[in-house]
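Enquirer: File follows, upload-v6.pdb with PDB, C-alpha atoms:
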```pdb
ATOM      1  CA  MET A 438      31.859  54.898   5.280
ATOM      2  CA  VAL A 439      30.798  52.777   2.314
ATOM      3  CA  ALA A 440      28.832  54.595  -0.363
ATOM      4  CA  VAL A 441      25.692  52.803  -1.505
ATOM      5  CA  THR A 442      24.572  53.600  -5.032
ATOM      6  CA  ALA A 443      20.957  54.074  -6.007
ATOM      7  CA  ASP A 444      21.188  51.128  -8.418
ATOM      8  CA  ALA A 445      22.285  48.825  -5.618
ATOM      9  CA  VAL A 446      19.390  49.929  -3.436
ATOM     10  CA  ALA A 447      16.919  49.510  -6.285
ATOM     11  CA  ASP A 448      18.163  46.047  -7.174
ATOM     12  CA  GLY A 449      17.859  44.855  -3.603
ATOM     13  CA  PRO A 450      19.931  42.026  -2.115
ATOM     14  CA  ARG A 451      21.399  39.645  -4.651
ATOM     15  CA  THR A 452      20.832  35.932  -4.260
ATOM     16  CA  ILE A 453      24.010  33.856  -4.283
ATOM     17  CA  ARG A 454      23.367  30.403  -5.637
ATOM     18  CA  SER A 455      25.212  27.596  -3.969
ATOM     19  CA  PRO A 456      26.757  24.920  -6.166
ATOM     20  CA  GLY A 457      24.453  22.005  -6.908
ATOM     21  CA  PHE A 458      24.897  18.450  -5.682
ATOM     22  CA  TRP A 459      26.362  17.103  -8.920
ATOM     23  CA  HIS A 460      28.726  20.062  -9.143
ATOM     24  CA  GLY A 461      30.085  19.025  -5.766
ATOM     25  CA  VAL A 462      30.327  15.406  -6.871
ATOM     26  CA  VAL A 463      32.406  16.355  -9.921
ATOM     27  CA  ARG A 464      34.603  18.640  -7.817
ATOM     28  CA  ARG A 465      35.299  15.919  -5.239
ATOM     29  CA  LEU A 466      35.838  13.342  -7.966
ATOM     30  CA  CYS A 467      38.442  15.565  -9.641
ATOM     31  CA  ARG A 468      40.379  15.536  -6.358
ATOM     32  CA  ASP A 469      40.674  11.732  -6.439
ATOM     33  CA  PRO A 470      43.691  10.874  -8.637
ATOM     34  CA  VAL A 471      43.086   7.124  -8.467
ATOM     35  CA  ALA A 472      39.515   7.436  -9.741
ATOM     36  CA  LEU A 473      40.599   9.856 -12.470
ATOM     37  CA  VAL A 474      43.374   7.560 -13.703
ATOM     38  CA  ALA A 475      40.949   4.622 -13.713
ATOM     39  CA  LEU A 476      38.413   6.688 -15.650
ATOM     40  CA  LEU A 477      41.041   7.740 -18.205
ATOM     41  CA  ILE A 478      42.051   4.110 -18.753
ATOM     42  CA  VAL A 479      38.408   3.105 -19.256
ATOM     43  CA  ILE A 480      37.893   5.967 -21.711
ATOM     44  CA  ALA A 481      41.058   4.929 -23.567
ATOM     45  CA  LEU A 482      39.799   1.333 -23.822
ATOM     46  CA  ILE A 483      36.413   2.491 -25.115
ATOM     47  CA  ALA A 484      38.101   4.772 -27.658
ATOM     48  CA  ALA A 485      40.367   1.930 -28.793
ATOM     49  CA  ALA A 486      37.345  -0.345 -29.221
ATOM     50  CA  ILE A 487      35.517   2.263 -31.296
ATOM     51  CA  LEU A 488      38.577   3.044 -33.421
ATOM     52  CA  ALA A 489      39.662  -0.599 -33.745
ATOM     53  CA  PRO A 490      39.643  -0.631 -37.586
ATOM     54  CA  TYR A 491      42.075   2.303 -37.567
ATOM     55  CA  LEU A 492      44.288   1.192 -34.677
ATOM     56  CA  ALA A 493      44.658  -2.545 -35.331
ATOM     57  CA  PRO A 494      47.730  -3.207 -37.511
ATOM     58  CA  TYR A 495      46.382  -6.481 -38.961
ATOM     59  CA  ASP A 496      43.150  -8.305 -39.683
ATOM     60  CA  PRO A 497      42.282 -10.016 -36.356
ATOM     61  CA  THR A 498      40.927 -13.107 -38.143
ATOM     62  CA  LYS A 499      43.822 -13.653 -40.561
ATOM     63  CA  THR A 500      45.683 -16.845 -39.678
ATOM     64  CA  SER A 501      49.189 -18.048 -40.577
ATOM     65  CA  VAL A 502      50.723 -21.411 -39.747
ATOM     66  CA  ILE A 503      54.300 -20.130 -39.937
ATOM     67  CA  ARG A 504      53.630 -17.307 -37.451
ATOM     68  CA  ARG A 505      52.094 -19.382 -34.664
ATOM     69  CA  LEU A 506      52.829 -18.347 -31.043
ATOM     70  CA  LYS A 507      55.414 -15.695 -31.804
ATOM     71  CA  PRO A 508      56.756 -14.210 -28.539
ATOM     72  CA  ILE A 509      56.177 -10.671 -27.349
ATOM     73  CA  GLY A 510      58.498  -8.207 -29.074
ATOM     74  CA  THR A 511      58.686 -10.044 -32.394
ATOM     75  CA  PRO A 512      59.374  -7.513 -35.201
ATOM     76  CA  GLY A 513      56.036  -6.562 -36.728
ATOM     77  CA  TYR A 514      54.121  -8.253 -33.897
ATOM     78  CA  ILE A 515      54.603  -6.242 -30.725
ATOM     79  CA  LEU A 516      52.483  -8.547 -28.552
ATOM     80  CA  GLY A 517      53.214 -11.729 -30.472
ATOM     81  CA  THR A 518      50.716 -14.050 -32.140
ATOM     82  CA  ASP A 519      48.192 -16.629 -30.940
ATOM     83  CA  GLU A 520      47.885 -20.354 -31.608
ATOM     84  CA  LEU A 521      46.658 -19.715 -35.164
ATOM     85  CA  GLY A 522      49.208 -17.042 -36.041
ATOM     86  CA  ARG A 523      46.828 -14.115 -35.586
ATOM     87  CA  ASP A 524      48.252 -10.819 -34.324
ATOM     88  CA  MET A 525      47.575 -10.497 -30.603
ATOM     89  CA  LEU A 526      47.549  -6.704 -30.550
ATOM     90  CA  SER A 527      44.874  -6.595 -33.235
ATOM     91  CA  ARG A 528      42.785  -9.236 -31.503
ATOM     92  CA  LEU A 529      43.057  -7.508 -28.127
ATOM     93  CA  ILE A 530      41.919  -4.210 -29.645
ATOM     94  CA  TYR A 531      38.997  -5.827 -31.456
ATOM     95  CA  GLY A 532      38.296  -7.995 -28.427
ATOM     96  CA  ALA A 533      37.673  -4.862 -26.390
ATOM     97  CA  ARG A 534      34.523  -4.287 -28.441
ATOM     98  CA  LEU A 535      32.718  -7.454 -27.434
ATOM     99  CA  SER A 536      34.234  -7.604 -23.949
ATOM    100  CA  LEU A 537      33.114  -4.076 -23.072
ATOM    101  CA  LEU A 538      29.758  -4.651 -24.753
ATOM    102  CA  MET A 539      29.086  -7.791 -22.730
ATOM    103  CA  GLY A 540      30.421  -6.221 -19.551
ATOM    104  CA  VAL A 541      28.668  -2.849 -19.704
ATOM    105  CA  ILE A 542      25.310  -3.314 -21.486
ATOM    106  CA  PRO A 543      23.682  -5.695 -18.943
ATOM    107  CA  VAL A 544      24.230  -3.262 -16.058
ATOM    108  CA  PRO A 545      22.245  -0.223 -17.324
ATOM    109  CA  VAL A 546      19.446  -2.504 -18.547
ATOM    110  CA  ALA A 547      19.325  -4.215 -15.154
ATOM    111  CA  PHE A 548      19.541  -0.776 -13.511
ATOM    112  CA  VAL A 549      16.343   0.393 -15.220
ATOM    113  CA  ILE A 550      14.381  -2.817 -14.614
ATOM    114  CA  GLY A 551      15.699  -3.510 -11.114
ATOM    115  CA  SER A 552      15.213   0.093  -9.990
ATOM    116  CA  ALA A 553      11.604   0.084 -11.184
ATOM    117  CA  ILE A 554      10.881  -3.193  -9.389
ATOM    118  CA  GLY A 555      12.598  -2.122  -6.174
ATOM    119  CA  ILE A 556      11.051   1.358  -6.047
ATOM    120  CA  ILE A 557       7.545  -0.007  -6.596
ATOM    121  CA  ALA A 558       8.052  -2.662  -3.925
ATOM    122  CA  GLY A 559       9.604  -0.213  -1.461
ATOM    123  CA  TYR A 560       6.915   2.436  -1.881
ATOM    124  CA  ALA A 561       3.940   0.059  -1.887
ATOM    125  CA  GLY A 562       5.046  -1.957   1.139
ATOM    126  CA  GLY A 563       2.839  -4.588   2.701
ATOM    127  CA  ILE A 564       1.785  -7.605   0.690
ATOM    128  CA  VAL A 565       2.950  -6.051  -2.593
ATOM    129  CA  ASN A 566       6.455  -5.695  -1.205
ATOM    130  CA  THR A 567       6.367  -9.237   0.135
ATOM    131  CA  LEU A 568       5.240 -10.765  -3.170
ATOM    132  CA  ILE A 569       7.776  -8.853  -5.268
ATOM    133  CA  MET A 570      10.768  -9.247  -2.983
ATOM    134  CA  ARG A 571      10.190 -12.919  -2.256
ATOM    135  CA  THR A 572      10.110 -13.540  -6.013
ATOM    136  CA  VAL A 573      13.339 -11.570  -6.363
ATOM    137  CA  ASP A 574      14.911 -13.576  -3.542
ATOM    138  CA  VAL A 575      14.398 -16.779  -5.524
ATOM    139  CA  PHE A 576      16.909 -15.514  -8.102
ATOM    140  CA  TYR A 577      19.062 -13.739  -5.522
ATOM    141  CA  ALA A 578      19.539 -16.982  -3.597
ATOM    142  CA  PHE A 579      21.763 -18.450  -6.340
ATOM    143  CA  PRO A 580      25.409 -17.361  -6.714
ATOM    144  CA  SER A 581      25.912 -14.996  -9.643
ATOM    145  CA  VAL A 582      28.289 -17.311 -11.489
ATOM    146  CA  LEU A 583      26.038 -20.355 -11.117
ATOM    147  CA  LEU A 584      22.929 -18.445 -12.193
ATOM    148  CA  ALA A 585      24.683 -16.917 -15.232
ATOM    149  CA  VAL A 586      26.011 -20.314 -16.356
ATOM    150  CA  ALA A 587      22.646 -21.996 -15.816
ATOM    151  CA  LEU A 588      20.724 -19.349 -17.772
ATOM    152  CA  SER A 589      23.270 -19.285 -20.599
ATOM    153  CA  GLY A 590      23.247 -23.062 -20.764
ATOM    154  CA  ALA A 591      19.463 -23.100 -20.954
ATOM    155  CA  LEU A 592      19.250 -20.332 -23.558
ATOM    156  CA  GLY A 593      22.217 -21.511 -25.599
ATOM    157  CA  SER A 594      25.513 -19.918 -26.496
ATOM    158  CA  GLY A 595      25.701 -16.604 -28.302
ATOM    159  CA  LEU A 596      26.140 -12.911 -27.604
ATOM    160  CA  THR A 597      22.434 -12.102 -27.227
ATOM    161  CA  ASN A 598      21.737 -14.968 -24.843
ATOM    162  CA  ALA A 599      24.785 -14.058 -22.757
ATOM    163  CA  LEU A 600      23.556 -10.465 -22.463
ATOM    164  CA  VAL A 601      20.118 -11.659 -21.385
ATOM    165  CA  SER A 602      21.618 -14.018 -18.809
ATOM    166  CA  LEU A 603      23.836 -11.345 -17.277
ATOM    167  CA  THR A 604      20.962  -8.866 -17.160
ATOM    168  CA  VAL A 605      18.773 -11.343 -15.281
ATOM    169  CA  VAL A 606      21.620 -11.982 -12.836
ATOM    170  CA  PHE A 607      21.938  -8.301 -11.887
ATOM    171  CA  ILE A 608      18.245  -7.365 -11.712
ATOM    172  CA  PRO A 609      17.643  -8.986  -8.263
ATOM    173  CA  GLN A 610      20.739  -7.338  -6.762
ATOM    174  CA  ILE A 611      19.744  -3.860  -7.947
ATOM    175  CA  ALA A 612      16.108  -4.447  -6.966
ATOM    176  CA  ARG A 613      17.086  -5.256  -3.378
ATOM    177  CA  VAL A 614      19.136  -2.061  -3.075
ATOM    178  CA  ALA A 615      16.350   0.004  -4.664
ATOM    179  CA  GLU A 616      13.751  -1.475  -2.323
ATOM    180  CA  SER A 617      15.882  -0.847   0.759
ATOM    181  CA  VAL A 618      16.612   2.790  -0.131
ATOM    182  CA  THR A 619      13.000   3.494  -1.131
ATOM    183  CA  THR A 620      11.677   2.024   2.109
ATOM    184  CA  GLN A 621      13.868   4.458   4.057
ATOM    185  CA  VAL A 622      12.919   7.490   1.950
ATOM    186  CA  ARG A 623       9.153   6.896   1.956
ATOM    187  CA  ARG A 624       9.104   7.191   5.754
ATOM    188  CA  LEU A 625      10.553  10.717   5.728
ATOM    189  CA  ASP A 626       8.463  13.721   6.741
ATOM    190  CA  TYR A 627       8.276  15.414   3.356
ATOM    191  CA  VAL A 628       6.890  12.247   1.762
ATOM    192  CA  ASP A 629       4.239  12.016   4.490
ATOM    193  CA  ALA A 630       3.416  15.687   3.920
ATOM    194  CA  ALA A 631       3.029  15.143   0.170
ATOM    195  CA  ARG A 632       0.806  12.145   0.806
ATOM    196  CA  ALA A 633      -1.298  14.107   3.292
ATOM    197  CA  SER A 634      -1.720  16.951   0.804
ATOM    198  CA  GLY A 635      -3.436  14.556  -1.602
ATOM    199  CA  ALA A 636      -0.570  13.940  -4.035
ATOM    200  CA  LYS A 637      -0.928  10.770  -6.093
ATOM    201  CA  ALA A 638       1.511   7.894  -5.776
ATOM    202  CA  ARG A 639       2.942   8.537  -9.235
ATOM    203  CA  THR A 640       3.655  12.177  -8.355
ATOM    204  CA  ILE A 641       5.265  11.265  -5.036
ATOM    205  CA  ILE A 642       7.519   8.674  -6.668
ATOM    206  CA  THR A 643       8.632  10.853  -9.581
ATOM    207  CA  VAL A 644       8.985  14.135  -7.667
ATOM    208  CA  HIS A 645       9.938  13.223  -4.096
ATOM    209  CA  ILE A 646      11.465   9.731  -4.187
ATOM    210  CA  LEU A 647      13.323   9.239  -7.465
ATOM    211  CA  GLY A 648      15.746  12.098  -6.924
ATOM    212  CA  ASN A 649      16.760  10.721  -3.522
ATOM    213  CA  VAL A 650      17.094   7.033  -4.361
ATOM    214  CA  LEU A 651      18.619   6.985  -7.853
ATOM    215  CA  GLY A 652      22.009   8.194  -6.614
ATOM    216  CA  PRO A 653      22.735   5.268  -4.266
ATOM    217  CA  ILE A 654      21.280   2.790  -6.764
ATOM    218  CA  PHE A 655      23.426   4.232  -9.559
ATOM    219  CA  VAL A 656      26.595   3.991  -7.482
ATOM    220  CA  PHE A 657      25.835   0.370  -6.628
ATOM    221  CA  ALA A 658      25.134  -0.377 -10.302
ATOM    222  CA  THR A 659      28.507   1.032 -11.377
ATOM    223  CA  SER A 660      30.218  -1.376  -8.986
ATOM    224  CA  LEU A 661      28.557  -4.262 -10.849
ATOM    225  CA  ILE A 662      30.293  -3.450 -14.141
ATOM    226  CA  SER A 663      33.554  -5.018 -12.971
ATOM    227  CA  VAL A 664      31.630  -8.127 -11.896
ATOM    228  CA  SER A 665      29.844  -8.171 -15.239
ATOM    229  CA  MET A 666      33.176  -8.025 -17.087
ATOM    230  CA  ILE A 667      34.433 -11.080 -15.225
ATOM    231  CA  LEU A 668      31.181 -13.027 -15.618
ATOM    232  CA  ALA A 669      30.973 -12.212 -19.332
ATOM    233  CA  SER A 670      34.540 -13.358 -19.877
ATOM    234  CA  GLY A 671      33.815 -16.488 -17.879
ATOM    235  CA  LEU A 672      30.827 -17.339 -20.069
ATOM    236  CA  SER A 673      32.914 -16.942 -23.209
ATOM    237  CA  PHE A 674      35.696 -19.009 -21.625
ATOM    238  CA  LEU A 675      33.195 -21.818 -21.028
ATOM    239  CA  GLY A 676      31.861 -21.585 -24.591
ATOM    240  CA  LEU A 677      28.548 -20.012 -23.544
ATOM    241  CA  GLY A 678      29.222 -16.510 -24.822
ATOM    242  CA  VAL A 679      30.858 -15.263 -28.007
ATOM    243  CA  ARG A 680      31.604 -17.879 -30.640
ATOM    244  CA  PRO A 681      34.824 -18.269 -32.676
ATOM    245  CA  PRO A 682      36.354 -16.691 -34.681
ATOM    246  CA  ASP A 683      35.147 -13.445 -33.041
ATOM    247  CA  ALA A 684      37.735 -11.777 -30.842
ATOM    248  CA  GLU A 685      36.714 -11.566 -27.173
ATOM    249  CA  TRP A 686      39.064 -11.645 -24.216
ATOM    250  CA  GLY A 687      37.403 -14.555 -22.413
ATOM    251  CA  LEU A 688      37.235 -16.632 -25.586
ATOM    252  CA  MET A 689      40.866 -15.768 -26.376
ATOM    253  CA  LEU A 690      41.845 -16.931 -22.904
ATOM    254  CA  ASN A 691      40.119 -20.244 -23.586
ATOM    255  CA  THR A 692      41.750 -20.843 -26.973
ATOM    256  CA  LEU A 693      45.204 -19.941 -25.620
ATOM    257  CA  ARG A 694      45.025 -22.176 -22.551
ATOM    258  CA  THR A 695      46.796 -24.999 -24.406
ATOM    259  CA  ALA A 696      49.718 -22.659 -25.152
ATOM    260  CA  ILE A 697      50.322 -21.692 -21.533
ATOM    261  CA  TYR A 698      53.409 -23.933 -21.315
ATOM    262  CA  VAL A 699      54.773 -22.925 -24.726
ATOM    263  CA  ASN A 700      54.307 -19.151 -24.584
ATOM    264  CA  PRO A 701      52.860 -18.189 -21.184
ATOM    265  CA  TYR A 702      53.244 -14.427 -21.614
ATOM    266  CA  VAL A 703      51.170 -14.279 -24.791
ATOM    267  CA  ALA A 704      48.590 -16.661 -23.320
ATOM    268  CA  ALA A 705      48.187 -14.412 -20.270
ATOM    269  CA  LEU A 706      47.534 -11.194 -22.226
ATOM    270  CA  PRO A 707      43.709 -11.557 -22.438
ATOM    271  CA  GLY A 708      43.581 -12.236 -18.704
ATOM    272  CA  VAL A 709      45.675  -9.144 -18.032
ATOM    273  CA  MET A 710      43.258  -7.031 -20.080
ATOM    274  CA  ILE A 711      40.272  -8.456 -18.184
ATOM    275  CA  PHE A 712      41.980  -7.694 -14.875
ATOM    276  CA  ILE A 713      42.971  -4.129 -15.815
ATOM    277  CA  THR A 714      39.515  -3.279 -17.151
ATOM    278  CA  SER A 715      37.599  -4.736 -14.209
ATOM    279  CA  ILE A 716      39.885  -3.147 -11.604
ATOM    280  CA  CYS A 717      39.588   0.261 -13.317
ATOM    281  CA  PHE A 718      35.792   0.070 -13.275
ATOM    282  CA  ASN A 719      35.950  -0.944  -9.627
ATOM    283  CA  LEU A 720      38.300   1.899  -8.654
ATOM    284  CA  PHE A 721      36.180   4.458 -10.475
ATOM    285  CA  SER A 722      33.069   3.133  -8.750
ATOM    286  CA  ASP A 723      34.757   3.488  -5.353
ATOM    287  CA  GLY A 724      35.789   7.050  -6.211
ATOM    288  CA  LEU A 725      32.280   7.900  -7.356
ATOM    289  CA  ARG A 726      30.811   6.469  -4.158
ATOM    290  CA  ALA A 727      33.167   8.594  -2.064
ATOM    291  CA  ALA A 728      32.429  11.697  -4.160
ATOM    292  CA  MET A 729      28.669  11.271  -3.716
ATOM    293  CA  ASP A 730      29.067  11.021   0.049
ATOM    294  CA  VAL A 731      28.087  14.522   1.215
ATOM    295  CA  LYS A 732      30.085  14.094   4.398
ATOM    296  CA  SER A 733      33.333  13.540   2.426
TER     297      SER A 733
END
```
Any chance you could give the structure as structure tokens?
Expert:
Amino acid sequence: MVAVTADAVADGPRTIRSPGFWHGVVRRLCRDPVALVALLIVIALIAAAILAPYLAPYDPTKTSVIRRLKPIGTPGYILGTDELGRDMLSRLIYGARLSLLMGVIPVPVAFVIGSAIGIIAGYAGGIVNTLIMRTVDVFYAFPSVLLAVALSGALGSGLTNALVSLTVVFIPQIARVAESVTTQVRRLDYVDAARASGAKARTIITVHILGNVLGPIFVFATSLISVSMILASGLSFLGLGVRPPDAEWGLMLNTLRTAIYVNPYVAALPGVMIFITSICFNLFSDGLRAAMDVKS
């Protein structure tokens, strides 16, 4: 027989807490090697961008006529030099700053604005939903690339205008997802019960709806970072983003396009960095989506 102590009887049955939702997400994400490797590469790129003054071997703006278009592996210039004799490794490291800034910043800003618009439209329904979503559809009807180029062309070139243009491009996409998820959640029984108990709309949204809709919206927003990286680089390539002599991968790709026949490997380096960064963000987003799927 099992002896039961007086302390155990006095304490009563102990409650065993089950792991929370986000604990399960982290646990499932740690089991995905592809997502982890992609995340480590992204973290390494962010760290390199932050520590650029300490990691870059040369001044990224220093030019030299006698060192133009040195090939990869040149002594003292591991990744060669560009059309003005500037060290490619230094410019790629510094270029990560503006490229990541332009690729990442518009998404969280659009996430906040688009989520607010979509949640309000989805919860209100009726004519409010129709007015908001039809206005959003006007912007959503244009392809992302065309809308970004048109807005940047209207606002003018520059980092700030490019960020504004990209943010406007992503707001309608996030708003549509937020409205769709909110419309599904507001029809659930516990929301009807809260409404019947006399809870105000603000309380229902903040307490009962936000926690259930932000997850899917957040996962969708993370998938837009890779798209934002490509669009931001495209704007700089077209001369609508960062201006010379600042180092940015899309702008570097533009300035090196004339050297593609002379030194193709050096000219392709900015494009390789854009590809690696965007694919890593995309792979991590896919891993996060799978980890947040409770059925996985």
Enquirer: Mind listing whatever residues come within 9 Å of the point (30.7, 1.5, -3.9)? Use only C-alpha atoms, file coordinates, and give them as a compact mmCIF listing (two decimals) with C-alpha atoms, in the coordinates of the input.
Expert:
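Dumped to part_6.txt:
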```
# COMPACT_ATOMS: atom_id res chain seq x y z
CA PRO A 653 22.74 5.27 -4.27
CA VAL A 656 26.60 3.99 -7.48
CA PHE A 657 25.84 0.37 -6.63
CA ALA A 658 25.13 -0.38 -10.30
CA THR A 659 28.51 1.03 -11.38
CA SER A 660 30.22 -1.38 -8.99
CA ASN A 719 35.95 -0.94 -9.63
CA LEU A 720 38.30 1.90 -8.65
CA SER A 722 33.07 3.13 -8.75
CA ASP A 723 34.76 3.49 -5.35
CA GLY A 724 35.79 7.05 -6.21
CA LEU A 725 32.28 7.90 -7.36
CA ARG A 726 30.81 6.47 -4.16
CA ALA A 727 33.17 8.59 -2.06
```
Enquirer: So what do you get for atom CA of Ala585 of chain A versus atom CA of Leu690 of chain A, distance-wise?
Expert: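 It comes out at 18.8 Å.
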Enquirer: Measure the distance from atom CA of Thr498 of chain A to atom CA of Val601 of chain A in Å and round it to one decimal.
Expert: 26.8 Å
Enquirer: To verify the selection step, state as number ranges by chain which residues the PyMOL selection byres ((chain A and resi 705) around 12) yields on this input.
Expert: A: 508-509, 516-517, 519, 525, 529, 686-687, 689-704, 706-712
Enquirer: Enumerate, as a list in words, the residues matched when the PyMOL selection byres ((chain A and resi 554) around 10) is run on the file above.
Expert: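 This file, filtered by the PyMOL selection byres ((chain A and resi 554) around 10), leaves Phe548, Val549, Ile550, Gly551, Ser552, Ala553, Gly555, Ile556, Ile557, Ala558, Gly559, Asn566, Ile569, Met570, Val573, Ile608, Pro609, Ile611, Ala612, Arg613, Ala615 and Glu616 of chain A.
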Enquirer: Restricting the calculation to all atoms listed in the file, which member of A:Arg571, A:Arg624, A:Lys499, A:Lys507 is positioned closest to Ser527 of chain A?
Expert: A:Lys499
Enquirer: Need the shell around segment 625-635 of chain A: protein/DNA/RNA residues with any atom at most 9 Å away, counting all atoms listed in the file. Skip same-chain ones fewer than 4 positions apart. Format as a PDB file with C-alpha atoms, keeping the file's coordinate frame?
Expert:
```pdb
ATOM      1  CA  GLN A 621      13.868   4.458   4.057  1.00  0.00           C
ATOM      2  CA  ILE A 641       5.265  11.265  -5.036  1.00  0.00           C
ATOM      3  CA  HIS A 645       9.938  13.223  -4.096  1.00  0.00           C
ATOM      4  CA  ILE A 646      11.465   9.731  -4.187  1.00  0.00           C
TER       5      ILE A 646
END
```
Enquirer: Mind giving me the straight-line distance from atom CA of Thr518 of chain A to atom CA of Leu506 of chain A in Å, one decimal?
Expert: 4.9 Å
Enquirer: Name all residues at most 9 Å from Phe721 of chain A (count all atoms listed in the file; drop same-chain ones fewer than 5 positions away) and give them as a list in words.
Expert: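 In the requested form, the answer reads Val471, Ala472, Leu473, Val474, Ala475, Leu476, Thr659, Ser660, Ile716 and Arg726 of chain A.
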Enquirer: Please determine, counting only C-alpha atoms, which residue among A:Leu688, A:Val622, A:Leu596, A:Leu521 has the shortest atom-to-atom distance to Ile503 of chain A.
Expert: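 With only C-alpha atoms as the atom set, the closest residue is A:Leu521.
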Enquirer: Residues within 9 Å of Leu492 of chain A, please, as a PyMOL selection string. Count only C-alpha atoms; anything in the same chain fewer than 5 positions from it doesn't count.
Expert: chain A and resi 485-486+527+530
Enquirer: Limited to C-alpha atoms, could you put the picked residues into a file as a PDB file, in the frame of the given file?
Expert:
```
ATOM      1  CA  ALA A 485      40.367   1.930 -28.793  1.00  0.00           C
ATOM      2  CA  ALA A 486      37.345  -0.345 -29.221  1.00  0.00           C
ATOM      3  CA  SER A 527      44.874  -6.595 -33.235  1.00  0.00           C
ATOM      4  CA  ILE A 530      41.919  -4.210 -29.645  1.00  0.00           C
TER       5      ILE A 530
END
```
Enquirer: Which residues are near Val605 of chain A? Cut-off 10 Å, all atoms listed in the file, ignore same chain within fewer than 5 positions. Put them as a list in words.
Expert: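 Selected residues are Pro543, Val544, Val546, Ala547, Ile550, Gly551, Phe576, Ser581, Leu584, Ala585, Leu588, Ala599, Leu600 and Gln610 of chain A.
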Enquirer: Counting all atoms listed in the file, what is within 9 Å of Val541 of chain A, bar same-chain residues fewer than 6 positions away, as a count of residues only?
Expert: 5
Enquirer: To verify the selection step, state as a VMD selection string which residues the PyMOL selection byres ((chain A and resi 465) around 10) yields on this input.
Expert: chain A and resid 459 to 464 466 to 469 724 to 725 727 to 731 733
Enquirer: Would you output segment 550-561 of chain A from that structure, restricted to N, CA, C and O atoms, as an mmCIF file, in the first residue's frame?
Expert:
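The resulting decode-v9.cif:
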```
data_model
loop_
_atom_site.group_PDB
_atom_site.id
_atom_site.type_symbol
_atom_site.label_atom_id
_atom_site.label_comp_id
_atom_site.auth_asym_id
_atom_site.auth_seq_id
_atom_site.Cartn_x
_atom_site.Cartn_y
_atom_site.Cartn_z
ATOM 1 N N ILE A 550 -1.121 48.938 -38.807
ATOM 2 C CA ILE A 550 -2.192 49.700 -39.463
ATOM 3 C C ILE A 550 -3.195 48.764 -40.142
ATOM 4 O O ILE A 550 -4.413 48.909 -39.992
ATOM 5 N N GLY A 551 -2.687 47.795 -40.898
ATOM 6 C CA GLY A 551 -3.577 46.878 -41.605
ATOM 7 C C GLY A 551 -4.397 46.017 -40.667
ATOM 8 O O GLY A 551 -5.579 45.747 -40.931
ATOM 9 N N SER A 552 -3.789 45.570 -39.550
ATOM 10 C CA SER A 552 -4.534 44.773 -38.583
ATOM 11 C C SER A 552 -5.669 45.578 -37.966
ATOM 12 O O SER A 552 -6.795 45.078 -37.801
ATOM 13 N N ALA A 553 -5.387 46.834 -37.615
ATOM 14 C CA ALA A 553 -6.421 47.682 -37.027
ATOM 15 C C ALA A 553 -7.579 47.885 -38.004
ATOM 16 O O ALA A 553 -8.760 47.770 -37.635
ATOM 17 N N ILE A 554 -7.248 48.161 -39.261
ATOM 18 C CA ILE A 554 -8.297 48.369 -40.267
ATOM 19 C C ILE A 554 -9.116 47.096 -40.471
ATOM 20 O O ILE A 554 -10.356 47.113 -40.489
ATOM 21 N N GLY A 555 -8.420 45.965 -40.621
ATOM 22 C CA GLY A 555 -9.119 44.711 -40.881
ATOM 23 C C GLY A 555 -9.953 44.236 -39.712
ATOM 24 O O GLY A 555 -11.070 43.730 -39.906
ATOM 25 N N ILE A 556 -9.458 44.393 -38.482
ATOM 26 C CA ILE A 556 -10.206 43.952 -37.308
ATOM 27 C C ILE A 556 -11.459 44.793 -37.115
ATOM 28 O O ILE A 556 -12.543 44.277 -36.819
ATOM 29 N N ILE A 557 -11.331 46.105 -37.313
ATOM 30 C CA ILE A 557 -12.505 46.978 -37.195
ATOM 31 C C ILE A 557 -13.550 46.623 -38.251
ATOM 32 O O ILE A 557 -14.746 46.509 -37.954
ATOM 33 N N ALA A 558 -13.085 46.419 -39.487
ATOM 34 C CA ALA A 558 -14.023 46.075 -40.559
ATOM 35 C C ALA A 558 -14.664 44.710 -40.322
ATOM 36 O O ALA A 558 -15.867 44.532 -40.522
ATOM 37 N N GLY A 559 -13.872 43.735 -39.881
ATOM 38 C CA GLY A 559 -14.409 42.399 -39.656
ATOM 39 C C GLY A 559 -15.374 42.341 -38.496
ATOM 40 O O GLY A 559 -16.376 41.613 -38.560
ATOM 41 N N TYR A 560 -15.121 43.082 -37.438
ATOM 42 C CA TYR A 560 -16.014 43.049 -36.276
ATOM 43 C C TYR A 560 -17.290 43.853 -36.531
ATOM 44 O O TYR A 560 -18.384 43.438 -36.137
ATOM 45 N N ALA A 561 -17.159 45.004 -37.181
ATOM 46 C CA ALA A 561 -18.325 45.857 -37.409
ATOM 47 C C ALA A 561 -19.293 45.219 -38.397
ATOM 48 O O ALA A 561 -20.516 45.190 -38.180
#
```
